[in-house]
Amino acid sequence: MADELAAVNQYMYFHFHCDDQGYDLLAGLFKRTAIEEMGHVELLAERILFLKGEVEMVASAEVQKIHDVRSMLEMARTEEENAVRQYNLWAMECAANADSVSKKVFEDLVLDEERHFDQYDTEMENIDKFGERYLVLQSIERSKNLAAGGTAEG
């Protein structure tokens, strides 16, 4: 659960900085992922309490002050990959201890984390393929929306 709390904080930090730089699509992706990670915290807390454990609300890591989009995506991709590996191990541990409900919780988390990894990997591929133009287009789209009297979100 500590890793999920750290992910919420990190992804919201990335959201704020992408938003500040005018990268609305990436800002939205980081924000949606942070919200999904909050759901993971809740799911894990509920299971821990059901098993009569104590919920610890301490993040496993400090927020990394990263402002470069490529570095943000690389970190996010690595974190999601690590989460998949850990949750798979924990699912197997639950199976070995005849806890099928906890096993399913971890298997469901693996599905979400693999999807997050894929989203960040796709964004990295877009930057590799299109270079800085990919980010510039996001910034231009925001400017056009604002000039037309819209909001930054469209």
# chains A, B, ... in the order shown; residues from 1 in each chain; ligands from 1

$ residues_around --residues "segment 67-78 of chain A" --least-positions-apart "5" --cutoff "7 Å" --atoms "only C-alpha atoms" --output "number ranges by chain"
A: 14, 17, 117, 120-121, 124

$ select_by_dssp --residues "chain A" --states "helix (DSSP H, G or I)" --output "VMD selection string"
chain A and resid 2 to 20 24 to 50 69 to 96 100 to 130 132 to 147

$ write_last_selection --atoms "C-alpha atoms" --output "short mmCIF file (atom, residue, chain, number, x, y, z; two decimals), in the first residue's frame"
data_model
loop_
_atom_site.label_atom_id
_atom_site.label_comp_id
_atom_site.auth_asym_id
_atom_site.auth_seq_id
_atom_site.Cartn_x
_atom_site.Cartn_y
_atom_site.Cartn_z
CA ALA A 2 2.93 2.32 0.66
CA ASP A 3 3.97 2.06 -3.00
CA GLU A 4 0.46 2.99 -4.13
CA LEU A 5 0.48 6.05 -1.87
CA ALA A 6 3.86 7.05 -3.29
CA ALA A 7 2.47 6.60 -6.82
CA VAL A 8 -0.50 8.87 -6.06
CA ASN A 9 1.82 11.63 -4.86
CA GLN A 10 4.29 11.20 -7.72
CA TYR A 11 1.66 11.11 -10.45
CA MET A 12 -0.13 14.17 -9.08
CA TYR A 13 3.22 15.99 -9.03
CA PHE A 14 3.73 15.00 -12.69
CA HIS A 15 0.15 16.08 -13.45
CA PHE A 16 0.78 19.54 -11.97
CA HIS A 17 3.98 20.03 -13.94
CA CYS A 18 2.62 18.73 -17.24
CA ASP A 19 -0.40 20.99 -16.80
CA ASP A 20 1.88 23.94 -16.06
CA ASP A 24 -2.87 18.64 -21.39
CA LEU A 25 -2.97 15.05 -22.67
CA LEU A 26 -0.10 13.95 -20.45
CA ALA A 27 -1.39 15.98 -17.51
CA GLY A 28 -4.73 14.21 -17.85
CA LEU A 29 -3.08 10.80 -18.10
CA PHE A 30 -1.08 11.35 -14.92
CA LYS A 31 -4.14 12.66 -13.08
CA ARG A 32 -6.34 9.71 -14.14
CA THR A 33 -3.62 7.28 -13.13
CA ALA A 34 -3.24 8.95 -9.73
CA ILE A 35 -6.98 8.63 -9.15
CA GLU A 36 -6.86 4.94 -10.10
CA GLU A 37 -3.93 4.46 -7.72
CA MET A 38 -6.07 6.04 -4.97
CA GLY A 39 -8.65 3.37 -5.71
CA HIS A 40 -5.93 0.75 -5.27
CA VAL A 41 -5.07 2.23 -1.86
CA GLU A 42 -8.71 1.95 -0.86
CA LEU A 43 -9.01 -1.63 -2.13
CA LEU A 44 -5.87 -2.72 -0.30
CA ALA A 45 -6.90 -0.93 2.90
CA GLU A 46 -10.29 -2.65 2.87
CA ARG A 47 -8.64 -6.06 2.44
CA ILE A 48 -6.07 -5.37 5.15
CA LEU A 49 -8.80 -4.33 7.59
CA PHE A 50 -10.90 -7.39 6.72
CA VAL A 69 8.46 14.82 -19.60
CA ARG A 70 10.61 12.00 -20.97
CA SER A 71 12.07 11.40 -17.50
CA MET A 72 8.57 11.47 -15.98
CA LEU A 73 7.38 8.82 -18.40
CA GLU A 74 10.48 6.67 -17.89
CA MET A 75 9.99 6.76 -14.13
CA ALA A 76 6.27 6.02 -14.41
CA ARG A 77 6.92 3.11 -16.76
CA THR A 78 9.53 1.65 -14.40
CA GLU A 79 7.28 2.06 -11.36
CA GLU A 80 4.38 0.33 -13.10
CA GLU A 81 6.64 -2.51 -14.25
CA ASN A 82 7.86 -2.97 -10.67
CA ALA A 83 4.28 -2.97 -9.38
CA VAL A 84 3.30 -5.70 -11.85
CA ARG A 85 6.23 -7.84 -10.70
CA GLN A 86 5.42 -7.34 -7.00
CA TYR A 87 1.69 -7.95 -7.34
CA ASN A 88 2.31 -11.13 -9.30
CA LEU A 89 4.59 -12.38 -6.52
CA TRP A 90 2.03 -11.49 -3.87
CA ALA A 91 -0.75 -13.21 -5.84
CA MET A 92 1.35 -16.38 -5.93
CA GLU A 93 2.03 -16.06 -2.19
CA CYS A 94 -1.70 -15.75 -1.54
CA ALA A 95 -2.36 -18.84 -3.68
CA ALA A 96 0.27 -20.78 -1.74
CA SER A 100 -8.10 -16.83 -3.13
CA VAL A 101 -9.77 -13.49 -2.42
CA SER A 102 -6.48 -11.68 -1.78
CA LYS A 103 -5.00 -13.49 -4.79
CA LYS A 104 -7.77 -12.07 -6.97
CA VAL A 105 -7.22 -8.58 -5.56
CA PHE A 106 -3.56 -8.74 -6.58
CA GLU A 107 -4.39 -10.22 -9.99
CA ASP A 108 -6.84 -7.37 -10.62
CA LEU A 109 -4.17 -4.86 -9.59
CA VAL A 110 -1.77 -6.47 -12.08
CA LEU A 111 -4.27 -5.81 -14.88
CA ASP A 112 -4.50 -2.12 -13.95
CA GLU A 113 -0.74 -1.70 -13.56
CA GLU A 114 -0.07 -3.42 -16.91
CA ARG A 115 -2.52 -1.00 -18.55
CA HIS A 116 -0.76 1.95 -16.90
CA PHE A 117 2.60 0.63 -18.11
CA ASP A 118 1.23 0.32 -21.64
CA GLN A 119 -0.11 3.88 -21.57
CA TYR A 120 3.24 5.31 -20.45
CA ASP A 121 5.10 3.10 -22.92
CA THR A 122 2.88 4.35 -25.75
CA GLU A 123 3.57 7.97 -24.76
CA MET A 124 7.32 7.23 -24.78
CA GLU A 125 6.96 5.70 -28.25
CA ASN A 126 5.09 8.81 -29.42
CA ILE A 127 7.88 11.07 -28.17
CA ASP A 128 10.49 8.80 -29.78
CA LYS A 129 8.57 8.77 -33.07
CA PHE A 130 7.55 12.42 -33.27
CA GLU A 132 9.43 17.44 -29.44
CA ARG A 133 6.70 18.04 -32.04
CA TYR A 134 4.48 15.66 -30.08
CA LEU A 135 4.70 17.88 -27.00
CA VAL A 136 4.46 21.11 -29.00
CA LEU A 137 1.19 19.95 -30.55
CA GLN A 138 -0.30 19.45 -27.08
CA SER A 139 0.75 22.94 -26.07
CA ILE A 140 -0.61 24.48 -29.29
CA GLU A 141 -3.96 22.71 -28.80
CA ARG A 142 -4.25 24.25 -25.34
CA SER A 143 -3.45 27.72 -26.71
CA LYS A 144 -6.10 27.36 -29.42
CA ASN A 145 -8.71 26.33 -26.82
CA LEU A 146 -7.86 29.29 -24.61
CA ALA A 147 -7.85 31.72 -27.54
#

$ atom_distance --atom1 "atom CA of Glu54 of chain A" --atom2 "atom CA of Asp99 of chain A"
18.2 Å

$ atom_distance --atom1 "atom CA of Glu56 of chain A" --atom2 "atom CA of Ala98 of chain A"
24.5 Å

$ atom_distance --atom1 "atom CA of Gly131 of chain A" --atom2 "atom CA of Val63 of chain A"
26.5 Å
